[in-house]
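J.: File work.txt follows (compact mmCIF, C-alpha atoms):
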# COMPACT_ATOMS: atom_id res chain seq x y z
CA MET G 1 -25.83 14.58 9.09
CA ASN G 2 -22.50 16.41 9.15
CA THR G 3 -19.22 14.67 8.48
CA THR G 4 -17.83 15.01 12.03
CA ASN G 5 -20.74 13.01 13.41
CA MET G 6 -20.31 10.37 10.72
CA LEU G 7 -16.59 10.22 11.42
CA PHE G 8 -17.40 9.62 15.09
CA ILE G 9 -19.75 6.75 14.15
CA ASP G 10 -17.15 5.31 11.76
CA ILE G 11 -14.44 5.36 14.42
CA LEU G 12 -16.86 3.75 16.89
CA LEU G 13 -17.68 0.99 14.37
CA VAL G 14 -14.05 0.29 13.48
CA THR G 15 -12.93 0.26 17.12
CA SER G 16 -15.70 -2.09 18.19
CA LEU G 17 -15.04 -4.36 15.20
CA LEU G 18 -11.33 -4.59 15.99
CA SER G 19 -11.84 -5.10 19.73
CA LEU G 20 -14.53 -7.75 19.14
CA ALA G 21 -12.22 -9.53 16.70
CA TRP G 22 -9.43 -9.45 19.28
CA ALA G 23 -11.76 -10.70 22.03
CA THR G 24 -13.01 -13.50 19.75
CA LEU G 25 -9.48 -14.68 19.03
CA THR G 26 -8.18 -14.46 22.58
CA ALA G 27 -11.19 -15.99 24.38
CA THR G 28 -10.15 -19.17 26.19
CA ASP G 29 -13.57 -20.81 26.07
CA ALA G 30 -14.81 -21.91 22.64
CA ARG G 31 -18.44 -21.09 23.42
CA ARG G 32 -17.53 -17.57 24.54
CA SER G 33 -15.48 -17.18 21.39
CA VAL G 34 -18.46 -18.17 19.21
CA ILE G 35 -20.81 -15.76 20.97
CA LEU G 36 -18.28 -12.94 20.51
CA PHE G 37 -18.04 -13.94 16.84
CA ILE G 38 -21.82 -13.53 16.50
CA ALA G 39 -21.57 -10.07 18.06
CA PHE G 40 -18.73 -9.32 15.62
CA GLY G 41 -21.02 -10.33 12.73
CA LEU G 42 -23.77 -8.02 13.95
CA VAL G 43 -21.40 -5.03 14.17
CA LEU G 44 -20.05 -5.96 10.73
CA THR G 45 -23.65 -5.80 9.46
CA LEU G 46 -23.86 -2.23 10.75
CA ALA G 47 -20.56 -1.44 9.04
CA TRP G 48 -21.89 -2.71 5.68
CA ALA G 49 -25.07 -0.69 6.17
CA ARG G 50 -22.90 2.36 6.88
CA LEU G 51 -21.01 1.68 3.63
CA LEU G 52 -24.39 1.84 1.81
CA ALA G 53 -24.21 -1.85 0.88
CA PRO G 54 -27.58 -3.14 2.15
CA ASP G 55 -27.31 -6.35 0.08
CA VAL G 56 -24.09 -7.34 1.81
CA ALA G 57 -25.47 -6.20 5.17
CA LEU G 58 -28.49 -8.50 4.76
CA ALA G 59 -26.31 -11.44 3.74
CA GLU G 60 -23.93 -10.80 6.65
CA ALA G 61 -26.80 -10.63 9.17
CA ALA G 62 -28.52 -13.76 7.86
CA ILE G 63 -25.55 -15.97 6.98
CA GLY G 64 -22.51 -14.46 8.71
CA ALA G 65 -23.97 -13.69 12.12
CA GLY G 66 -27.14 -15.80 12.19
CA LEU G 67 -26.60 -19.17 10.57
CA SER G 68 -22.83 -19.41 10.98
CA GLY G 69 -23.37 -18.58 14.64
CA ALA G 70 -25.91 -21.39 14.98
CA LEU G 71 -23.59 -23.82 13.14
CA LEU G 72 -20.61 -22.90 15.32
CA LEU G 73 -22.65 -23.16 18.53
CA ALA G 74 -23.90 -26.59 17.46
CA ALA G 75 -20.32 -27.62 16.66
CA VAL G 76 -19.12 -26.48 20.11
CA GLN G 77 -22.03 -28.27 21.77
CA HIS G 78 -21.45 -31.57 20.00
CA ARG G 79 -17.69 -31.71 19.70
CA PRO G 80 -16.27 -34.92 21.12
CA HIS G 81 -14.19 -35.21 24.32
CA ARG G 82 -15.18 -31.79 25.53
CA ALA G 83 -15.23 -32.78 29.20
CA VAL G 84 -11.90 -34.58 28.90
CA SER G 85 -10.04 -31.68 27.34
CA ALA G 86 -11.50 -29.18 29.80
CA GLU G 87 -10.44 -31.38 32.68
CA ARG G 88 -6.98 -31.78 31.23
CA LEU G 89 -6.63 -28.05 30.82
CA ASN G 90 -7.73 -27.42 34.40
CA SER G 91 -5.37 -30.00 35.90
CA GLY G 92 -2.59 -28.72 33.69
CA MET G 93 -3.11 -25.22 35.03
CA LEU G 94 -3.09 -26.45 38.62
CA ASP G 95 0.01 -28.64 38.25
CA ASN G 96 2.27 -26.12 36.67
CA GLU G 97 0.83 -22.85 37.76
CA LYS G 98 4.12 -21.04 37.38
CA GLN G 99 5.11 -22.85 34.22
CA ASN G 100 4.03 -21.20 31.06
CA ASN G 101 1.15 -23.02 29.33
CA SER G 102 2.85 -22.79 25.96
CA ASN G 103 5.39 -25.40 27.14
CA ARG G 104 2.83 -28.13 26.66
CA PRO G 105 3.18 -29.69 23.21
CA ASP G 106 -0.49 -29.52 22.08
CA LEU G 107 -0.78 -25.87 23.08
CA LYS G 108 2.59 -25.12 21.51
CA SER G 109 1.54 -26.46 18.11
CA SER G 110 -1.77 -24.60 18.30
CA VAL G 111 0.14 -21.39 19.06
CA ALA G 112 2.34 -22.02 16.01
CA ILE G 113 -0.74 -22.56 13.86
CA ARG G 114 -2.30 -19.38 15.23
CA TRP G 115 0.75 -17.31 14.44
CA SER G 116 1.07 -18.65 10.92
CA ILE G 117 -2.63 -17.90 10.30
CA THR G 118 -2.10 -14.40 11.73
CA LEU G 119 0.87 -13.84 9.45
CA PHE G 120 -1.10 -15.08 6.45
CA CYS G 121 -3.99 -12.73 7.30
CA ILE G 122 -1.66 -9.73 7.67
CA VAL G 123 -0.12 -10.44 4.24
CA LEU G 124 -3.61 -10.87 2.78
CA ALA G 125 -4.74 -7.58 4.34
CA PHE G 126 -1.78 -5.74 2.81
CA ILE G 127 -2.48 -7.23 -0.62
CA LEU G 128 -6.11 -6.12 -0.32
CA ILE G 129 -5.15 -2.59 0.74
CA TRP G 130 -2.68 -2.43 -2.15
CA ALA G 131 -5.37 -3.61 -4.60
CA LEU G 132 -7.84 -1.07 -3.24
CA LEU G 133 -5.35 1.78 -3.56
CA LEU G 134 -4.50 0.64 -7.08
CA ALA G 135 -8.19 0.56 -8.04
CA LEU G 136 -8.81 3.99 -6.49
CA SER G 137 -5.84 5.64 -8.19
CA SER G 138 -6.21 4.10 -11.65
CA GLU G 139 -8.16 6.30 -14.01
CA THR G 140 -9.74 3.92 -16.48
CA SER G 141 -12.25 5.33 -18.91
CA GLU G 142 -15.06 3.05 -17.72
CA THR G 143 -15.41 1.39 -14.30
CA LEU G 144 -17.29 -1.86 -13.77
CA ALA G 145 -20.06 -0.03 -11.94
CA GLN G 146 -20.56 2.22 -14.94
CA SER G 147 -20.82 -0.66 -17.39
CA VAL G 148 -23.30 -2.41 -15.08
CA SER G 149 -25.57 0.61 -14.90
CA ALA G 150 -25.26 1.12 -18.66
CA ASN G 151 -26.47 -2.42 -19.36
CA LEU G 152 -28.96 -2.69 -16.46
CA ALA G 153 -31.95 -2.26 -18.77
CA ASN G 154 -31.09 -5.50 -20.60
CA SER G 155 -30.61 -7.59 -17.45
CA GLY G 156 -34.28 -8.22 -16.66
CA VAL G 157 -33.99 -6.81 -13.11
CA SER G 158 -33.51 -3.30 -11.76
CA ASN G 159 -31.36 -4.18 -8.73
CA PRO G 160 -27.74 -3.91 -9.95
CA VAL G 161 -26.50 -6.49 -7.42
CA THR G 162 -28.97 -9.12 -8.63
CA ALA G 163 -28.15 -8.18 -12.24
CA VAL G 164 -24.46 -8.91 -11.61
CA LEU G 165 -25.05 -12.10 -9.58
CA LEU G 166 -27.69 -13.71 -11.81
CA ASN G 167 -26.98 -12.26 -15.23
CA PHE G 168 -23.65 -10.55 -15.94
CA ARG G 169 -21.62 -12.87 -13.70
CA ALA G 170 -24.13 -15.74 -13.49
CA TYR G 171 -21.27 -18.17 -14.08
CA ASP G 172 -19.75 -17.27 -10.68
CA THR G 173 -23.06 -17.79 -8.90
CA LEU G 174 -23.50 -21.18 -10.60
CA LEU G 175 -20.09 -22.22 -9.27
CA GLU G 176 -20.99 -20.92 -5.79
CA LEU G 177 -24.05 -23.15 -5.79
CA ALA G 178 -21.87 -26.05 -6.91
CA VAL G 179 -19.57 -25.37 -3.94
CA LEU G 180 -22.57 -25.55 -1.60
CA LEU G 181 -23.61 -28.85 -3.20
CA THR G 182 -20.10 -30.22 -2.65
CA ALA G 183 -20.29 -29.12 0.99
CA VAL G 184 -23.50 -31.13 1.45
CA LEU G 185 -21.84 -34.20 -0.07
CA GLY G 186 -19.04 -33.77 2.44
CA ILE G 187 -21.50 -33.48 5.32
CA PHE G 188 -23.31 -36.62 4.17
CA ALA G 189 -20.03 -38.50 3.93
CA LEU G 190 -18.74 -37.46 7.33
CA SER G 191 -21.45 -38.08 9.86
CA GLU G 192 -24.99 -38.85 10.82
CA GLU G 193 -27.65 -36.39 11.86
CA ARG G 194 -27.13 -34.98 15.34
CA THR G 195 -29.99 -35.82 17.65
CA GLY G 196 -30.91 -35.14 21.22
CA TYR G 197 -32.93 -31.96 21.02
CA LEU G 198 -35.58 -31.89 23.73
CA PRO G 199 -39.18 -31.03 22.88
CA ALA G 200 -39.75 -27.33 23.59
CA GLY G 201 -41.76 -26.04 26.53
CA PRO G 202 -44.82 -23.80 26.10
CA VAL G 203 -42.91 -20.51 25.94
CA PHE G 204 -40.52 -21.66 23.21
CA ASN G 205 -43.40 -23.29 21.33
CA GLY G 206 -45.26 -19.99 21.47
CA LEU G 207 -42.26 -18.23 19.97
CA VAL G 208 -41.89 -20.90 17.26
CA SER G 209 -45.57 -20.72 16.33
CA TRP G 210 -45.26 -17.15 15.07
CA LEU G 211 -41.55 -16.93 14.29
CA VAL G 212 -41.48 -19.78 11.75
CA PRO G 213 -44.39 -18.48 9.61
CA ALA G 214 -42.87 -14.98 9.79
CA LEU G 215 -39.48 -16.32 8.63
CA ILE G 216 -41.07 -18.21 5.70
CA LEU G 217 -43.02 -15.09 4.69
CA MET G 218 -39.85 -13.01 4.93
CA ALA G 219 -37.91 -15.49 2.78
CA GLY G 220 -40.55 -15.23 0.07
CA TYR G 221 -40.44 -11.45 0.28
CA LEU G 222 -36.64 -11.33 0.09
CA LEU G 223 -36.69 -13.59 -2.97
CA TRP G 224 -39.29 -11.48 -4.76
CA VAL G 225 -37.86 -8.08 -3.81
CA GLY G 226 -34.36 -9.10 -5.00
CA ALA G 227 -35.35 -8.08 -8.53
CA HIS G 228 -35.54 -4.38 -7.69
CA ALA G 229 -34.18 -3.84 -4.16
CA PRO G 230 -31.74 -5.50 -1.73
CA GLY G 231 -32.55 -9.19 -1.37
CA GLY G 232 -32.16 -12.36 -3.38
CA ALA G 233 -31.73 -16.11 -3.27
CA PHE G 234 -28.89 -16.25 -0.73
CA GLN G 235 -30.57 -14.02 1.85
CA ALA G 236 -33.93 -15.72 1.28
CA GLY G 237 -32.38 -19.19 1.52
CA ALA G 238 -30.63 -18.31 4.78
CA THR G 239 -33.88 -16.94 6.24
CA LEU G 240 -35.74 -20.10 5.21
CA ALA G 241 -32.98 -22.21 6.74
CA ALA G 242 -33.30 -20.21 9.97
CA ALA G 243 -36.92 -21.38 10.17
CA GLY G 244 -35.70 -25.00 9.91
CA VAL G 245 -33.02 -24.43 12.57
CA VAL G 246 -35.60 -22.91 14.97
CA LEU G 247 -37.90 -25.91 14.41
CA ARG G 248 -35.05 -28.32 15.11
CA LEU G 249 -34.01 -26.43 18.27
CA ALA G 250 -37.61 -26.71 19.43
CA GLY G 251 -37.27 -30.50 19.10
CA LYS G 252 -39.61 -30.94 16.14
CA ARG G 253 -39.11 -33.96 13.89
CA ILE G 254 -40.61 -32.31 10.82
CA ILE G 255 -38.48 -29.32 9.89
CA GLY G 256 -39.42 -28.73 6.29
CA LEU G 257 -37.18 -31.34 4.70
CA PRO G 258 -38.80 -34.26 2.85
CA GLN G 259 -39.54 -37.15 5.18
CA GLY G 260 -38.12 -40.54 4.34
CA SER G 261 -37.55 -39.95 0.63
CA ALA G 262 -33.90 -39.76 -0.29
CA LEU G 263 -34.78 -39.15 -3.93
CA LEU G 264 -36.89 -36.09 -3.14
CA MET G 265 -34.15 -34.75 -0.84
CA ASN G 266 -31.51 -35.19 -3.54
CA MET G 267 -33.74 -33.44 -6.06
CA ILE G 268 -34.21 -30.48 -3.72
CA LEU G 269 -30.45 -30.25 -3.13
CA LEU G 270 -29.73 -30.50 -6.85
CA SER G 271 -32.48 -28.15 -8.02
CA GLY G 272 -30.39 -24.95 -7.70
CA VAL G 273 -27.42 -26.12 -9.76
CA GLY G 274 -29.63 -28.29 -11.98
CA LEU G 275 -32.04 -25.58 -13.06
CA PHE G 276 -29.21 -23.10 -13.49
CA LEU G 277 -27.38 -25.52 -15.80
CA LEU G 278 -30.58 -26.39 -17.65
CA VAL G 279 -31.27 -22.71 -18.39
CA GLY G 280 -27.66 -22.18 -19.42
CA LEU G 281 -27.64 -25.18 -21.78
CA THR G 282 -31.02 -24.19 -23.24
CA MET G 283 -29.45 -20.86 -24.18
CA LEU G 284 -26.65 -22.78 -25.94
CA VAL G 285 -29.20 -24.84 -27.88
CA LEU G 286 -30.98 -21.65 -28.90
CA GLY G 287 -27.72 -20.38 -30.35
CA ARG G 288 -26.97 -17.88 -27.58
CA PRO G 289 -23.90 -17.85 -25.30
CA PHE G 290 -23.99 -20.08 -22.17
CA LEU G 291 -26.28 -18.33 -19.62
CA GLY G 292 -26.80 -15.44 -22.07
CA TYR G 293 -30.50 -14.83 -21.50
CA PRO G 294 -32.57 -12.95 -24.11
CA PRO G 295 -33.39 -9.56 -22.49
CA ALA G 296 -37.15 -10.07 -22.87
CA MET G 297 -37.09 -13.35 -20.91
CA ALA G 298 -34.30 -12.49 -18.46
CA GLY G 299 -36.56 -11.38 -15.60
CA TYR G 300 -38.56 -14.63 -15.59
CA LEU G 301 -35.49 -16.83 -15.96
CA ILE G 302 -33.74 -15.06 -13.07
CA LEU G 303 -36.79 -15.50 -10.83
CA LEU G 304 -36.98 -19.20 -11.79
CA ILE G 305 -33.29 -19.80 -11.06
CA GLU G 306 -33.43 -17.82 -7.82
CA THR G 307 -36.45 -19.76 -6.55
CA ALA G 308 -34.69 -23.09 -7.12
CA ALA G 309 -31.47 -21.69 -5.67
CA MET G 310 -33.28 -20.46 -2.53
CA ILE G 311 -34.73 -23.93 -1.88
CA SER G 312 -31.37 -25.63 -2.46
CA ILE G 313 -29.51 -23.14 -0.27
CA ALA G 314 -32.06 -23.48 2.54
CA ALA G 315 -31.90 -27.28 2.44
CA THR G 316 -28.08 -27.18 2.36
CA LEU G 317 -27.86 -24.88 5.37
CA ILE G 318 -30.40 -26.90 7.38
CA LEU G 319 -28.45 -30.09 6.60
CA ALA G 320 -25.25 -28.36 7.69
CA PHE G 321 -26.94 -27.60 11.01
CA LEU G 322 -28.24 -31.18 11.35
CA GLY G 323 -24.72 -32.42 10.68
CA GLY G 324 -25.70 -35.31 8.40
CA ARG G 325 -28.36 -37.00 6.34
CA PRO G 326 -31.60 -37.08 8.35
CA GLN G 327 -32.49 -40.54 9.56
CA ASN G 328 -35.94 -41.90 9.00
CA ARG G 329 -37.11 -43.11 12.37
CA GLN G 330 -40.66 -44.13 13.14
CA ASP G 331 -40.38 -44.25 16.92
CA GLU G 332 -40.49 -40.50 17.38
CA SER G 333 -43.72 -38.84 16.47
CA CYS G 334 -43.47 -35.22 17.52
CA MET O 1 -41.75 21.08 19.08
CA ILE O 2 -42.24 17.52 17.82
CA ASN O 3 -38.49 17.25 17.32
CA ILE O 4 -37.90 18.15 20.96
CA ILE O 5 -40.39 15.50 22.14
CA ALA O 6 -38.75 12.97 19.81
CA SER O 7 -35.30 13.82 21.17
CA LEU O 8 -36.52 13.51 24.75
CA LEU O 9 -38.07 10.10 24.03
CA MET O 10 -34.87 8.85 22.37
CA LEU O 11 -32.80 10.21 25.25
CA GLY O 12 -35.07 8.33 27.67
CA GLY O 13 -34.58 5.18 25.63
CA LEU O 14 -30.81 5.63 25.72
CA ILE O 15 -30.91 6.03 29.51
CA PHE O 16 -32.72 2.69 29.74
CA PHE O 17 -30.09 1.09 27.52
CA LEU O 18 -27.33 2.61 29.66
CA CYS O 19 -28.94 1.30 32.85
CA GLY O 20 -29.38 -2.11 31.23
CA SER O 21 -25.72 -2.24 30.23
CA ILE O 22 -24.54 -1.12 33.68
CA GLY O 23 -26.83 -3.72 35.23
CA LEU O 24 -25.45 -6.42 32.94
CA LEU O 25 -21.92 -5.57 34.04
CA ARG O 26 -22.50 -4.87 37.74
CA LEU O 27 -25.30 -7.11 39.00
CA PRO O 28 -24.19 -10.23 40.88
CA ASP O 29 -26.07 -13.17 39.35
CA LEU O 30 -27.65 -14.30 36.10
CA TYR O 31 -31.27 -13.69 37.09
CA SER O 32 -30.81 -10.05 38.05
CA ARG O 33 -28.66 -9.48 34.95
CA LEU O 34 -31.49 -10.83 32.80
CA HIS O 35 -33.88 -8.56 34.67
CA ALA O 36 -31.72 -5.54 33.83
CA LEU O 37 -31.30 -6.56 30.19
CA THR O 38 -34.97 -7.12 29.45
CA LYS O 39 -35.82 -3.66 30.75
CA ALA O 40 -33.43 -2.15 28.22
CA ASP O 41 -34.79 -4.33 25.42
CA ASN O 42 -38.45 -3.65 26.12
CA LEU O 43 -38.82 -0.08 27.36
CA GLY O 44 -35.56 1.34 26.04
CA LEU O 45 -36.17 0.13 22.50
CA GLY O 46 -39.85 1.15 22.74
CA LEU O 47 -38.95 4.72 23.69
CA LEU O 48 -36.19 4.90 21.08
CA LEU O 49 -38.49 3.70 18.29
CA THR O 50 -41.33 6.00 19.37
CA GLY O 51 -38.89 8.89 19.19
CA LEU O 52 -37.71 7.81 15.74
CA ALA O 53 -41.31 7.45 14.48
CA LEU O 54 -42.17 10.97 15.70
CA TYR O 55 -39.01 12.33 14.12
CA GLN O 56 -39.70 10.78 10.72
CA GLN O 57 -43.48 11.44 10.68
CA ASP O 58 -44.28 8.70 8.20
CA LEU O 59 -47.07 6.22 8.91
CA LEU O 60 -45.55 3.28 7.00
CA PHE O 61 -42.18 3.90 8.63
CA ALA O 62 -43.84 4.01 12.07
CA LEU O 63 -45.68 0.77 11.33
CA LYS O 64 -42.40 -0.97 10.46
CA LEU O 65 -40.86 0.29 13.72
CA VAL O 66 -43.84 -1.08 15.67
CA LEU O 67 -43.34 -4.46 13.98
CA ILE O 68 -39.64 -4.42 14.92
CA TRP O 69 -40.52 -3.57 18.50
CA LEU O 70 -43.09 -6.37 18.77
CA ALA O 71 -40.66 -8.91 17.27
CA VAL O 72 -37.87 -7.89 19.66
CA LEU O 73 -40.29 -7.93 22.62
CA ALA O 74 -41.43 -11.48 21.90
CA ALA O 75 -37.95 -12.77 21.05
CA SER O 76 -36.18 -11.15 24.01
CA SER O 77 -38.75 -12.21 26.61
CA ALA O 78 -38.80 -15.78 25.26
CA SER O 79 -35.01 -16.01 25.18
CA ALA O 80 -34.69 -14.49 28.67
CA TYR O 81 -37.13 -17.15 29.89
CA LEU O 82 -35.17 -19.91 28.15
CA ILE O 83 -31.83 -18.74 29.60
CA ALA O 84 -33.31 -18.52 33.09
CA GLN O 85 -34.95 -21.94 32.75
CA HIS O 86 -31.67 -23.50 31.61
CA ALA O 87 -29.79 -21.94 34.53
CA ARG O 88 -32.47 -23.09 36.99
CA ARG O 89 -32.32 -26.66 35.64
CA GLN O 90 -28.55 -26.71 36.04
CA GLU O 91 -28.81 -25.38 39.60
CA THR O 92 -31.36 -27.93 40.70
CA GLY O 93 -29.45 -30.64 38.87
CA GLN O 94 -32.30 -31.87 36.68
Spell out the structure here as structure tokens.
T.:
Amino acid sequence: MNTTNMLFIDILLVTSLLSLAWATLTATDARRSVILFIAFGLVLTLAWARLLAPDVALAEAAIGAGLSGALLLAAVQHRPHRAVSAERLNSGMLDNEKQNNSNRPDLKSSVAIRWSITLFCIVLAFILIWALLLALSSETSETLAQSVSANLANSGVSNPVTAVLLNFRAYDTLLELAVLLTAVLGIFALSEERTGYLPAGPVFNGLVSWLVPALILMAGYLLWVGAHAPGGAFQAGATLAAAGVVLRLAGKRIIGLPQGSALLMNMILLSGVGLFLLVGLTMLVLGRPFLGYPPAMAGYLILLIETAAMISIAATLILAFLGGRPQNRQDESC
Amino acid sequence: MINIIASLLMLGGLIFFLCGSIGLLRLPDLYSRLHALTKADNLGLGLLLTGLALYQQDLLFALKLVLIWLAVLAASSASAYLIAQHARRQETGQ
């Protein structure tokens, strides 16, 4: 396709991204704001695809638009005192119709917070642009991308993104998994599982009956294909978690998490970080650097770590959607 | 020749999408808006993907497009039903 057409598509993408972002921030209703944010994520997915970054596009679609959207919607649905605040806002608008809303103290402080966040984001954006320009103008002899492709043969996989995430910079990914584990601990500490999902009717059940198997199949495919094409543990874990979220929305009790065994649940949550650390320490014992896999074994080790990571990530995301440790109740049997 | 047919099919699909979007913006209530949207999802996407499959002339590619179409068909009709059911329940106060 010629460059004018692509320029047209690029301008369309950037304009819709910016206007969706603006609409998300200025929406008065939280639910509307969340739905606009999901639309923003979908357009962002297209933008990543346009930038020839299918790995990021997949992650954005699965985690950014899909699961974050579900989490935010659940948060809006279950936030406390929703009716009270809406009523207060309405009466406030009626009472002082001519008075500016920003005169009310709670709105005033939220406006101040918004502006300071905006200022922070603008500064951050300028730093990023400066860093990008610096990286583009500097003429180093070897870029990171070049050294990755030079060493790709020793990484055990042929997808450069997986090679960086699970081999060259495996340390970063280990810490990311540790962050997810910490998030689950926070969720457990804060609240109980949210309940109150009605059993699904026949139409939704029909959808669930083929969608859930398809999602599980797709998660397995994404995990496997990550070795040589876009995919990997994070995308696969998010897809697997989506199956759990769909099951919970359909009012099912059994959503793929272990029933009634806290030990098993903890093991599943720990397996990602645990196996990663175990592999890393084994390398130390064998006299290699921490997480420095031998090239002959690297492919198998990466698949092993990614499988455990996928299961941990999926369980973490499902628990984030549930909002707390699942309770073991016998009275419900669906 | 095949390219012309493909372009015509894609153009037809785009017209359905355009009508769906106009319907979403202009129609008065939720049920008729859903009606307009599902037409765009089902027929519009079907025509668009048929056009793309003809354009590419690759069996595996066409098969993937058919899978996408079937998944969107099932998901969009089920979600349209769920939205309508929710709205109906709220109206009747159940």
J.: Counting only C-alpha atoms, which residues of chain G sit at most 9 Å from some atom of chain O, and what is each one's closest atom pair with its distance in Å to one decimal, listed by chain and rising residue number, as CSV?
T.:
residue,atom,partner,partner_atom,distance
G:Val203,CA,O:Ala78,CA,6.3
G:Phe204,CA,O:Ala78,CA,6.5
G:Gly206,CA,O:Ala78,CA,8.6
G:Leu207,CA,O:Ala78,CA,6.8
G:Leu211,CA,O:Ala71,CA,8.6
J.: Kindly give the distance, in Å, that separates atom CA of Ile255 of chain G and atom CA of Ile318 of chain G, rounded to a single decimal.
T.: 8.8 Å
J.: Fewer than 5 positions away in the same chain doesn't count, so skip those; otherwise give me all residues within 12 Å of segment 246-249 of chain G, counting only C-alpha atoms, as a PyMOL selection string.
T.: (chain G and resi 66-67+70-71+73-74+193-201+204-216+239-241+254-257+318-319+321-323+326+334) or (chain O and resi 82)
J.: What's the 10 Å shell around Gly12 of chain O, counting only C-alpha atoms, without same-chain residues fewer than 6 positions away, as an MDAnalysis selection string?
T.: chainID O and resid 6 18 43:48 51
J.: Could you check the closest approach to Leu185 of chain G for each of G:Leu58, G:Leu286, G:Leu269, G:Leu281 and tell me which residue wins, using only C-alpha atoms?
T.: G:Leu269
J.: List every protein, DNA or RNA residue that has at least one atom no more than 12 Å from (-23.8, -14.6, -12.6) in the file's coordinates, counting all atoms listed in the file, and write the result as a list in words.
T.: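 Residues close enough to count: Ser155, Pro160, Val161, Thr162, Ala163, Val164, Leu165, Leu166, Asn167, Phe168, Arg169, Ala170, Tyr171, Asp172, Thr173, Leu174, Leu175, Glu176, Leu177, Phe276, Leu277, Gly280, Phe290, Leu291, Gly292, Tyr293, Ile302, Ile305 and Glu306 of chain G.
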J.: For the residues in that selection, give me C-alpha atoms as a tab-separated table (two decimals), in the coordinates of the input.
T.:
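The result, stored in again_14.tsv:
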chain	number	residue	atom	x	y	z
G	155	SER	CA	-30.61	-7.59	-17.45
G	160	PRO	CA	-27.74	-3.91	-9.95
G	161	VAL	CA	-26.50	-6.49	-7.42
G	162	THR	CA	-28.97	-9.12	-8.63
G	163	ALA	CA	-28.15	-8.18	-12.24
G	164	VAL	CA	-24.46	-8.91	-11.61
G	165	LEU	CA	-25.05	-12.10	-9.58
G	166	LEU	CA	-27.69	-13.71	-11.81
G	167	ASN	CA	-26.98	-12.26	-15.23
G	168	PHE	CA	-23.65	-10.55	-15.94
G	169	ARG	CA	-21.62	-12.87	-13.70
G	170	ALA	CA	-24.13	-15.74	-13.49
G	171	TYR	CA	-21.27	-18.17	-14.08
G	172	ASP	CA	-19.75	-17.27	-10.68
G	173	THR	CA	-23.06	-17.79	-8.90
G	174	LEU	CA	-23.50	-21.18	-10.60
G	175	LEU	CA	-20.09	-22.22	-9.27
G	176	GLU	CA	-20.99	-20.92	-5.79
G	177	LEU	CA	-24.05	-23.15	-5.79
G	276	PHE	CA	-29.21	-23.10	-13.49
G	277	LEU	CA	-27.38	-25.52	-15.80
G	280	GLY	CA	-27.66	-22.18	-19.42
G	290	PHE	CA	-23.99	-20.08	-22.17
G	291	LEU	CA	-26.28	-18.33	-19.62
G	292	GLY	CA	-26.80	-15.44	-22.07
G	293	TYR	CA	-30.50	-14.83	-21.50
G	302	ILE	CA	-33.74	-15.06	-13.07
G	305	ILE	CA	-33.29	-19.80	-11.06
G	306	GLU	CA	-33.43	-17.82	-7.82
J.: Expressed in Å to a single decimal, how great is the separation between atom CA of Asp29 of chain G and atom CA of Leu37 of chain O?
T.: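 Between these atoms lies a distance of 23.1 Å.
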J.: So how far away is atom CA of Met218 of chain G from atom CA of Ala296 of chain G, in Å?
T.: 28.1 Å
J.: Excluding segment 53-64 of chain O and residues on its chain fewer than 3 positions from it, collect all residues at most 9 Å away from it, counting all atoms listed in the file, and give them as a ChimeraX atom specification.
T.: /O:2-3,5-7,48-50,67-69
J.: Atoms to include: C-alpha atoms. Write the selected residues as a PDB file, keeping the file's coordinate frame.
T.:
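Once everything was written out, this is result.pdb:
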ATOM      1  CA  ILE O   2     -42.240  17.520  17.820  1.00  0.00           C
ATOM      2  CA  ASN O   3     -38.490  17.250  17.320  1.00  0.00           C
ATOM      3  CA  ILE O   5     -40.390  15.500  22.140  1.00  0.00           C
ATOM      4  CA  ALA O   6     -38.750  12.970  19.810  1.00  0.00           C
ATOM      5  CA  SER O   7     -35.300  13.820  21.170  1.00  0.00           C
ATOM      6  CA  LEU O  48     -36.190   4.900  21.080  1.00  0.00           C
ATOM      7  CA  LEU O  49     -38.490   3.700  18.290  1.00  0.00           C
ATOM      8  CA  THR O  50     -41.330   6.000  19.370  1.00  0.00           C
ATOM      9  CA  LEU O  67     -43.340  -4.460  13.980  1.00  0.00           C
ATOM     10  CA  ILE O  68     -39.640  -4.420  14.920  1.00  0.00           C
ATOM     11  CA  TRP O  69     -40.520  -3.570  18.500  1.00  0.00           C
TER      12      TRP O  69
END
